[in-house]
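J.: Next up, data32.csv (CSV, C-alpha atoms).
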chain,number,residue,atom,x,y,z
G,291,MET,CA,24.9,-7.0,-65.8
G,292,ARG,CA,23.2,-3.8,-66.9
G,293,LEU,CA,20.6,-2.0,-64.8
G,294,SER,CA,17.8,0.4,-65.8
G,295,ILE,CA,14.7,1.8,-64.2
G,296,LEU,CA,11.1,1.5,-65.4
G,297,ASP,CA,9.0,4.1,-63.5
G,298,GLN,CA,5.2,3.9,-63.4
G,299,VAL,CA,5.4,7.1,-61.3
G,300,PRO,CA,3.4,5.6,-58.4
G,301,ILE,CA,1.6,8.1,-56.2
G,302,THR,CA,1.5,7.3,-52.5
G,303,ILE,CA,-1.6,8.0,-50.4
G,304,GLY,CA,-1.3,11.5,-48.9
G,305,GLN,CA,0.9,12.8,-51.7
G,306,THR,CA,-0.1,15.0,-54.6
G,307,ALA,CA,0.8,14.4,-58.2
G,308,GLU,CA,3.0,17.4,-58.1
G,309,GLN,CA,5.0,16.1,-55.2
G,310,THR,CA,5.4,12.8,-56.9
G,311,ALA,CA,6.7,14.5,-60.0
G,312,GLU,CA,9.3,16.5,-58.0
G,313,ARG,CA,10.5,13.3,-56.4
G,314,THR,CA,10.6,11.5,-59.7
G,315,PHE,CA,12.9,14.1,-61.2
G,316,SER,CA,15.2,13.7,-58.1
G,317,LEU,CA,15.3,9.9,-58.7
G,318,VAL,CA,16.2,10.4,-62.4
G,319,GLU,CA,19.2,12.5,-61.4
G,320,LEU,CA,20.2,10.1,-58.8
G,321,ALA,CA,19.9,7.1,-61.1
G,322,GLU,CA,22.3,8.8,-63.5
G,323,GLN,CA,24.8,9.3,-60.7
G,324,TRP,CA,24.5,5.7,-59.6
G,325,GLY,CA,25.2,4.4,-63.1
G,326,TYR,CA,21.8,3.2,-64.3
G,327,GLU,CA,21.8,2.9,-68.1
G,328,ARG,CA,18.2,3.8,-68.9
G,329,TYR,CA,15.3,5.5,-67.2
G,330,TRP,CA,11.9,4.7,-68.8
G,331,PHE,CA,8.4,6.0,-68.1
G,332,ALA,CA,5.3,3.9,-68.4
G,333,GLU,CA,1.9,4.9,-69.8
G,334,HIS,CA,-1.2,4.5,-67.8
G,335,HIS,CA,-4.6,6.2,-67.9
G,336,GLY,CA,-7.7,6.6,-65.7
G,337,THR,CA,-5.9,5.7,-62.5
G,338,ARG,CA,-5.4,7.7,-59.3
G,339,GLY,CA,-2.2,5.9,-58.4
G,340,LEU,CA,0.0,6.0,-61.5
G,341,GLY,CA,1.2,9.4,-62.5
G,342,SER,CA,2.7,8.7,-66.0
G,343,SER,CA,0.1,9.2,-68.7
G,344,ALA,CA,2.4,10.9,-71.2
G,345,PRO,CA,5.8,9.2,-71.3
G,346,GLU,CA,7.1,11.5,-74.1
G,347,VAL,CA,6.6,14.5,-71.9
G,348,TRP,CA,8.4,12.8,-69.0
G,349,MET,CA,11.2,11.8,-71.3
G,350,ALA,CA,11.8,15.4,-72.5
G,351,ALA,CA,11.8,16.7,-68.9
G,352,ALA,CA,14.0,14.0,-67.6
G,353,ALA,CA,16.5,14.3,-70.4
G,354,ALA,CA,16.7,18.0,-69.8
G,355,ARG,CA,17.8,17.4,-66.2
G,356,THR,CA,20.4,14.8,-67.0
G,357,LYS,CA,23.4,14.4,-69.4
G,358,THR,CA,24.1,10.8,-70.2
G,359,ILE,CA,21.4,8.4,-69.1
G,360,HIS,CA,19.0,7.1,-71.8
G,361,VAL,CA,15.4,8.1,-71.4
G,362,GLY,CA,12.6,6.1,-72.8
G,363,SER,CA,9.0,4.9,-72.8
G,364,GLY,CA,7.9,1.7,-71.3
G,365,GLY,CA,5.8,1.9,-73.3
G,366,ILE,CA,3.8,4.1,-75.6
G,367,LEU,CA,0.4,2.5,-76.3
G,368,LEU,CA,0.8,2.4,-80.1
G,369,PRO,CA,-2.6,0.8,-80.8
G,370,GLN,CA,-4.3,4.0,-79.8
G,371,TYR,CA,-2.1,6.4,-81.7
G,372,SER,CA,-0.9,7.4,-85.1
G,373,PRO,CA,2.5,5.9,-85.8
G,374,TYR,CA,3.4,9.0,-87.8
G,375,LYS,CA,2.8,11.2,-84.7
G,376,VAL,CA,4.8,8.8,-82.4
G,377,ALA,CA,7.7,8.8,-84.9
G,378,ALA,CA,7.6,12.6,-85.0
G,379,GLN,CA,7.8,12.8,-81.2
G,380,LEU,CA,10.6,10.3,-80.9
G,381,ARG,CA,12.6,12.0,-83.7
G,382,GLN,CA,12.0,15.4,-82.2
G,383,LEU,CA,13.4,14.1,-78.9
G,384,GLU,CA,16.4,12.6,-80.6
G,385,THR,CA,17.2,16.0,-82.2
G,386,MET,CA,17.1,17.5,-78.7
G,387,PHE,CA,19.0,14.7,-76.9
G,388,PRO,CA,21.1,12.9,-79.5
G,389,GLY,CA,21.8,9.2,-78.8
G,390,ARG,CA,19.7,9.1,-75.6
G,391,ILE,CA,16.2,8.3,-76.8
G,392,ASP,CA,14.6,4.8,-76.4
G,393,GLY,CA,11.1,4.2,-77.8
G,394,GLY,CA,9.5,1.3,-76.0
G,395,ILE,CA,6.2,0.3,-77.6
G,396,GLY,CA,3.3,-1.6,-76.0
G,397,ASN,CA,0.3,-3.4,-77.4
G,398,SER,CA,-2.1,-2.6,-74.6
G,399,PRO,CA,-5.6,-1.0,-74.8
G,400,GLY,CA,-4.6,1.4,-72.1
G,401,GLY,CA,-7.5,0.7,-69.8
G,402,PRO,CA,-11.2,-0.1,-69.9
G,403,GLU,CA,-13.2,0.4,-73.1
G,404,ARG,CA,-14.2,4.0,-72.3
G,405,ILE,CA,-10.5,4.9,-71.8
G,406,ARG,CA,-9.4,3.2,-75.0
G,407,ALA,CA,-12.2,4.9,-76.9
G,408,ALA,CA,-11.2,8.3,-75.6
G,409,LEU,CA,-7.5,7.7,-76.5
G,410,ALA,CA,-8.3,6.5,-80.0
G,411,TYR,CA,-11.2,8.9,-80.3
G,412,GLY,CA,-13.6,6.3,-81.6
G,413,HIS,CA,-11.2,4.3,-83.8
G,414,THR,CA,-11.4,0.7,-82.5
G,415,GLU,CA,-9.1,-1.2,-84.9
G,416,GLY,CA,-5.8,-0.2,-83.2
G,417,ILE,CA,-4.9,-3.5,-81.5
G,418,ALA,CA,-5.6,-5.6,-84.6
G,419,MET,CA,-3.4,-3.2,-86.6
G,420,PHE,CA,-0.6,-3.2,-84.0
G,421,TRP,CA,2.2,-4.8,-86.1
G,422,GLU,CA,1.2,-2.8,-89.2
G,423,LYS,CA,1.6,0.3,-87.1
G,424,VAL,CA,5.0,-1.0,-85.7
G,425,ASP,CA,6.2,-1.4,-89.3
G,426,ALA,CA,5.1,2.1,-90.3
G,427,LEU,CA,6.7,3.6,-87.1
G,428,SER,CA,10.0,1.7,-87.8
G,429,LYS,CA,10.2,3.0,-91.3
G,430,TRP,CA,9.5,6.6,-90.3
G,431,ILE,CA,11.8,6.4,-87.3
G,432,GLN,CA,14.7,5.3,-89.5
G,433,GLY,CA,14.0,8.2,-91.9
G,434,GLY,CA,12.4,6.2,-94.6
G,435,ARG,CA,9.4,7.0,-96.8
G,436,HIS,CA,6.0,5.4,-96.0
G,437,LYS,CA,2.7,6.1,-97.7
G,438,GLU,CA,4.4,8.8,-99.7
G,439,VAL,CA,5.5,10.8,-96.7
G,440,THR,CA,8.5,11.2,-94.5
G,441,VAL,CA,8.7,12.5,-90.9
G,442,SER,CA,10.5,15.6,-89.7
G,443,PRO,CA,12.8,16.6,-88.1
G,444,LYS,CA,15.7,14.5,-89.4
G,445,PRO,CA,18.2,13.8,-86.5
G,446,ALA,CA,21.7,12.5,-87.3
G,447,SER,CA,21.1,9.5,-85.0
G,448,THR,CA,18.1,7.2,-84.7
G,449,PRO,CA,16.0,6.5,-81.6
G,450,ASN,CA,16.1,2.9,-80.4
G,451,LEU,CA,12.9,1.0,-80.7
G,452,PHE,CA,11.8,-1.8,-78.4
G,453,ILE,CA,8.7,-4.0,-78.3
G,454,LEU,CA,7.3,-4.7,-74.8
G,455,GLY,CA,5.8,-8.2,-74.6
G,456,LEU,CA,4.8,-11.1,-72.3
G,457,GLY,CA,5.6,-14.1,-74.4
G,458,GLU,CA,7.0,-15.7,-77.4
G,459,ARG,CA,4.8,-14.2,-80.1
G,460,SER,CA,5.8,-10.6,-79.4
G,461,ALA,CA,9.4,-11.7,-79.0
G,462,ILE,CA,9.4,-13.4,-82.4
G,463,GLU,CA,7.8,-10.4,-84.1
G,464,ALA,CA,10.3,-8.0,-82.5
G,465,GLY,CA,13.2,-10.2,-83.5
G,466,ARG,CA,12.0,-10.6,-87.1
G,467,ARG,CA,12.0,-6.8,-87.4
G,468,GLY,CA,15.4,-6.4,-85.8
G,469,LEU,CA,13.9,-4.4,-82.9
G,470,GLY,CA,14.7,-4.5,-79.2
G,471,PHE,CA,12.6,-6.6,-76.9
G,472,VAL,CA,11.5,-6.3,-73.3
G,473,HIS,CA,9.9,-9.2,-71.4
G,474,GLY,CA,7.5,-8.1,-68.7
G,475,ARG,CA,8.4,-10.5,-66.0
G,476,PHE,CA,6.7,-8.1,-63.5
G,477,ILE,CA,3.4,-9.1,-65.2
G,478,GLU,CA,4.1,-12.6,-66.6
G,479,PRO,CA,7.0,-14.3,-64.8
G,480,GLY,CA,6.6,-17.8,-66.2
G,481,ARG,CA,7.5,-17.2,-69.9
G,482,GLY,CA,10.8,-15.3,-69.7
G,483,ARG,CA,13.1,-18.2,-70.8
G,484,LEU,CA,11.0,-19.1,-73.8
G,485,ALA,CA,10.4,-15.5,-74.8
G,486,HIS,CA,14.1,-14.5,-74.7
G,487,ALA,CA,15.1,-17.7,-76.6
G,488,ALA,CA,12.4,-17.1,-79.3
G,489,TYR,CA,13.6,-13.5,-79.7
G,490,ARG,CA,17.2,-14.4,-80.2
G,491,GLN,CA,16.3,-17.2,-82.6
G,492,ALA,CA,14.1,-14.9,-84.7
G,493,PHE,CA,16.3,-11.9,-84.7
G,494,LYS,CA,17.2,-10.4,-88.1
G,495,GLY,CA,19.0,-7.1,-88.3
G,496,LYS,CA,22.1,-5.2,-88.8
G,497,GLY,CA,22.9,-5.0,-85.1
G,498,LYS,CA,22.8,-7.5,-82.2
G,499,PRO,CA,19.7,-8.6,-80.3
G,500,ASP,CA,18.9,-6.1,-77.6
G,501,ALA,CA,16.7,-7.6,-74.8
G,502,LEU,CA,15.7,-6.6,-71.3
G,503,THR,CA,13.8,-8.2,-68.5
G,504,ALA,CA,11.4,-5.9,-66.5
G,505,VAL,CA,10.9,-7.0,-62.9
G,506,PHE,CA,9.9,-5.6,-59.5
G,507,ILE,CA,12.8,-5.4,-57.1
G,508,ILE,CA,13.1,-4.3,-53.5
G,509,CYS,CA,16.7,-4.4,-52.2
G,510,GLY,CA,16.8,-3.9,-48.4
G,511,GLU,CA,19.7,-3.8,-46.0
G,512,THR,CA,18.8,-7.5,-45.1
G,513,ASP,CA,16.2,-10.0,-46.2
G,514,GLU,CA,14.1,-9.1,-43.2
G,515,HIS,CA,14.3,-5.4,-44.0
G,516,ALA,CA,13.3,-6.0,-47.6
G,517,GLU,CA,10.3,-8.0,-46.4
G,518,GLU,CA,9.2,-5.1,-44.3
G,519,LEU,CA,9.6,-2.6,-47.1
G,520,ALA,CA,7.7,-4.9,-49.5
G,521,LYS,CA,4.5,-4.8,-47.5
G,522,THR,CA,3.3,-1.6,-49.1
G,523,GLN,CA,4.1,-2.9,-52.6
G,524,ASP,CA,2.3,-6.2,-51.9
G,525,LEU,CA,-0.8,-4.4,-50.7
G,526,TRP,CA,-0.7,-1.8,-53.6
G,527,LEU,CA,-0.5,-4.6,-56.2
G,528,LEU,CA,-3.3,-6.5,-54.5
G,529,ARG,CA,-5.6,-3.5,-54.4
G,530,THR,CA,-4.8,-2.5,-58.0
G,531,GLU,CA,-5.7,-6.0,-59.2
G,532,LYS,CA,-9.0,-5.8,-57.4
G,533,GLY,CA,-9.8,-2.4,-59.0
G,534,LEU,CA,-9.5,-0.6,-55.7
G,535,ASP,CA,-7.5,2.5,-54.8
G,536,SER,CA,-4.4,2.2,-57.0
G,537,ARG,CA,-2.3,4.6,-54.9
G,538,VAL,CA,0.6,3.1,-52.9
G,539,PRO,CA,-0.6,2.6,-49.3
G,540,THR,CA,1.5,3.8,-46.4
G,541,SER,CA,3.4,1.5,-44.0
G,542,ILE,CA,0.7,2.2,-41.4
G,543,THR,CA,-2.0,1.2,-43.8
G,544,ALA,CA,-0.2,-1.9,-44.8
G,545,ALA,CA,0.4,-2.9,-41.2
G,546,SER,CA,-3.3,-2.6,-40.3
G,547,ALA,CA,-4.7,-4.1,-43.5
G,548,GLN,CA,-7.3,-6.9,-42.9
G,549,LEU,CA,-6.3,-9.6,-45.3
G,550,SER,CA,-8.3,-12.7,-46.1
G,551,GLU,CA,-6.6,-16.1,-46.8
G,552,GLN,CA,-7.4,-15.5,-50.4
G,553,ASP,CA,-5.6,-12.2,-50.3
G,554,ARG,CA,-2.6,-13.7,-48.7
G,555,ALA,CA,-2.5,-16.4,-51.3
G,556,ARG,CA,-2.6,-13.8,-54.0
G,557,ILE,CA,0.2,-11.8,-52.5
G,558,GLN,CA,2.3,-14.9,-52.3
G,559,ALA,CA,1.6,-15.7,-56.0
G,560,ASN,CA,2.5,-12.1,-56.9
G,561,ARG,CA,5.9,-12.6,-55.3
G,562,LYS,CA,6.9,-14.6,-58.4
G,563,ARG,CA,6.8,-11.3,-60.2
G,564,MET,CA,9.3,-9.8,-57.7
G,565,ILE,CA,12.8,-10.1,-56.2
G,566,ILE,CA,12.7,-9.2,-52.5
G,567,GLY,CA,15.8,-9.4,-50.3
G,568,GLY,CA,19.0,-8.1,-49.1
G,569,PRO,CA,21.9,-7.3,-51.5
G,570,GLU,CA,23.2,-10.9,-51.6
G,571,THR,CA,19.8,-12.4,-52.1
G,572,VAL,CA,18.9,-9.9,-54.9
G,573,LYS,CA,22.2,-10.4,-56.6
G,574,ARG,CA,21.8,-14.2,-56.5
G,575,GLU,CA,18.3,-14.0,-57.9
G,576,LEU,CA,19.3,-11.7,-60.7
G,577,GLU,CA,22.1,-14.0,-61.7
G,578,LYS,CA,19.7,-16.9,-61.7
G,579,ILE,CA,17.3,-15.1,-64.0
G,580,ALA,CA,20.2,-14.0,-66.3
G,581,ASN,CA,21.4,-17.6,-66.5
G,582,GLU,CA,17.9,-18.9,-67.1
G,583,THR,CA,16.9,-16.4,-69.9
G,584,GLY,CA,20.3,-15.5,-71.3
G,585,CYS,CA,19.5,-11.9,-70.7
G,586,ASP,CA,21.6,-9.7,-68.4
G,587,GLN,CA,19.8,-6.4,-68.8
G,588,PHE,CA,17.1,-5.5,-66.2
G,589,LEU,CA,14.4,-2.8,-66.1
G,590,VAL,CA,13.7,-2.4,-62.4
G,591,LEU,CA,10.4,-1.3,-60.8
G,592,THR,CA,10.2,-0.4,-57.1
G,593,ASN,CA,6.8,0.7,-55.9
G,594,ILE,CA,7.0,1.3,-52.1
G,595,ASP,CA,5.7,4.2,-50.1
G,596,ASP,CA,8.8,5.6,-48.5
G,597,PHE,CA,10.7,7.6,-51.1
G,598,ASP,CA,14.0,7.7,-49.2
G,599,GLU,CA,13.9,3.9,-48.8
G,600,LYS,CA,13.0,3.6,-52.5
G,601,CYS,CA,16.1,5.5,-53.4
G,602,ARG,CA,18.3,3.5,-51.1
G,603,SER,CA,16.9,0.3,-52.6
G,604,TYR,CA,18.0,1.4,-56.1
G,605,GLU,CA,21.4,2.4,-54.7
G,606,ARG,CA,21.9,-0.9,-52.9
G,607,LEU,CA,21.0,-2.7,-56.1
G,608,VAL,CA,23.8,-1.0,-58.0
G,609,LYS,CA,26.3,-1.8,-55.3
G,610,ALA,CA,25.1,-5.4,-55.0
G,611,THR,CA,25.7,-6.0,-58.7
G,612,LYS,CA,28.9,-4.0,-59.0
G,613,SER,CA,31.1,-7.1,-58.9
G,614,ILE,CA,29.0,-8.6,-61.7
G,615,ILE,CA,29.3,-5.5,-63.7
G,616,SER,CA,33.0,-5.3,-63.2
G,617,ALA,CA,33.4,-9.0,-64.2
G,618,ASP,CA,31.5,-8.3,-67.4
Render the structure in this file as C-alpha cells.
T.:
Amino acid sequence: MRLSILDQVPITIGQTAEQTAERTFSLVELAEQWGYERYWFAEHHGTRGLGSSAPEVWMAAAAARTKTIHVGSGGILLPQYSPYKVAAQLRQLETMFPGRIDGGIGNSPGGPERIRAALAYGHTEGIAMFWEKVDALSKWIQGGRHKEVTVSPKPASTPNLFILGLGERSAIEAGRRGLGFVHGRFIEPGRGRLAHAAYRQAFKGKGKPDALTAVFIICGETDEHAEELAKTQDLWLLRTEKGLDSRVPTSITAASAQLSEQDRARIQANRKRMIIGGPETVKRELEKIANETGCDQFLVLTNIDDFDEKCRSYERLVKATKSIISAD
C-alpha cells in the first residue's frame, strides 16, 4: 500500500495564513521522513479557510525543502488557464526538481461565476474545452509540437500527469490518453469501484495504469480518540457545504456547536467520505477499499484543528499500514 498526502492547506480559526504556511512546510518535511510518496496541493479560490490558491508555487517551495518526495497539484484548474502556460510551469519545475513533479489536473470552475470569470478573465468556454486542453497540455509536457510551437525549458525527464475525477467518464478519458487517474472519494464515495475499473479497462499507454484514491482519514490512538478528533472536521465540512465560515473550527467551537437533526444527518452522510478510527480500524478500512477498487494508492486529507494531532494522525497511518507495505 502506497500513501500520499493531498493538502488543501486548511486554515484554523485564530490562525493566520502565514502561520498555516509555516506549519504546512513542517508537515511536508515530516511526510518525507515518514515515507509518504507524494505531497500534493489543492487549488481553491475565494475562501477564507483554504490557503492553497496557487499549487505551482507551493510545489516549488515544498520541493526546495525536501529531497525525495514527489510534489504535485491536486489539481490545477485547467479550464481557467492556458495549457501552454501550465505546461511551461510544470516543465520548469521538472528542470529544478527532476523526477519529482506530478501535475494533477482538475475540471472544476474554481468557485462561483465571479471567481471563474476572474480566473479566466472573461473567457467562459474553458470547461467545454477541457479535454482539448488536456490533449494540448499532454503534448507540450512530453516535449511535442502543438499548434506550431513547443514549450521551454526542456527537462531530461517528464512530469507525471494525472486527471482528477469523480466517476467513470473522467476515468475513461484519462485511461484512453495513458494518463494517471485520481478518484475523489472524499467528494464522491459511491463511484470508486466503477471509476477505477473503467480506468484500467480504457488504459492505453506505454506504461502501466497509475491510479490513486483521495479520501479523508483521521487515525487516532483508538477509535474513540479518532471520533473526538473528527468533530472539528465534521463541523468544518458541514459549514463549508452551507457556504458559511470555511475555516476549521476549534475543538471548543465544535463542542459547543448547536446542531439540528438535519445537521447531524448530514454529518453522518459525510462520514462515507472519510475513514475515522484507530490504527487497526483505519488499516482494515483501507484494505477494504483497496480490495473493492483494485487501487492500493491513497491520497490522504486530514482537516482537523490541532496541528500536533494532525501530524500524529499522519504518522500513525504510516505505522498502521507498515505491515501492508512490507507485504507488498
J.: As a ChimeraX atom specification, please: the residues near G:Asp297 (cut-off 8 Å, all atoms listed in the file, same-chain neighbours under 2 positions excluded).
T.: /G:295,299-300,329-332,591-592
J.: Find the residue from G:Ala516, G:Ala350, G:Leu367, G:Ala410 that sits nearest to G:Ile395; use all atoms listed in the file when measuring.
T.: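 Distance minimum relative to G:Ile395 lands on G:Leu367.
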J.: What does the distance between atom CA of G:Ile453 and atom CA of G:Lys423 come to in Å, to one decimal place?
T.: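 Atom-to-atom, atom CA of G:Ile453 to atom CA of G:Lys423, that is 12.1 Å.
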J.: Please provide as a list in words all residues within 7 Å of G:Gln523, with the sequence filter that same-chain residues fewer than 6 positions apart are discarded (counting all atoms listed in the file).
T.: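 Close residues of G:Gln523: Val538, Asn593 and Ile594 of chain G.
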J.: Which residues are close to G:Ala418, i.e. within 12 Å by only C-alpha atoms, leaving aside same-chain residues fewer than 2 positions away? Reply as a ChimeraX atom specification.
T.: /G:368-370,397-399,413-416,420-424
J.: Tell me, as a list of chain:residue names, which residues lie within 9 Å of stretch 474-480 of chain G, counting all atoms listed in the file; anything in the same chain fewer than 5 positions away does not count.
T.: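 Once the adjacent positions are removed, what remains is G:Leu454, G:Gly455, G:Leu456, G:Gly457, G:Leu502, G:Thr503, G:Ala504, G:Val505, G:Phe506, G:Asn560, G:Lys562, G:Arg563, G:Met564, G:Leu591.
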J.: Can you tell me how far atom CA of G:Arg554 sits from atom CA of G:Thr522, in Å to one decimal?
T.: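 According to the coordinates, atom CA of G:Arg554 and atom CA of G:Thr522 are separated by 13.5 Å.
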J.: Near G:Ile557, within 12 Å and counting only C-alpha atoms, which residues show up once chain neighbours fewer than 4 positions away are dropped, as a PyMOL selection string?
T.: chain G and resi 520-531+549-553+561-564
J.: Which residue, G:Pro373, G:Gly465, G:Gly510, G:Pro499, has the smallest gap to G:Gly567 when you use only C-alpha atoms?
T.: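 The answer is G:Gly510, which sits nearest to G:Gly567.
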J.: Can you tell me how far atom CA of G:Gly341 sits from atom CA of G:Ala377, in Å to one decimal?
T.: 23.3 Å
J.: I'd like to know which of G:His335, G:His436, G:Arg404, G:Lys444 is closest to G:Pro388, using only C-alpha atoms.
T.: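 The closest residue to G:Pro388 is G:Lys444.
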J.: So, with all atoms listed in the file as the atoms that count, which of G:Leu380, G:Leu409, G:Ala492, G:Leu589 lies closest to G:Gly336?
T.: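 The answer is G:Leu409, which sits nearest to G:Gly336.
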J.: With distances taken over only C-alpha atoms, which residue among G:Ala487, G:Ala408, G:Ala544, G:Ala426 lies nearest G:Asn581?
T.: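 Of the candidates, the smallest distance to G:Asn581 is held by G:Ala487.
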J.: Looking at G:Leu469, G:Val347, G:Leu607, G:Met386, which one is nearest to G:Gly325, with distances taken over all atoms listed in the file?
T.: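 So, comparing all the options, the nearest one is G:Leu607.
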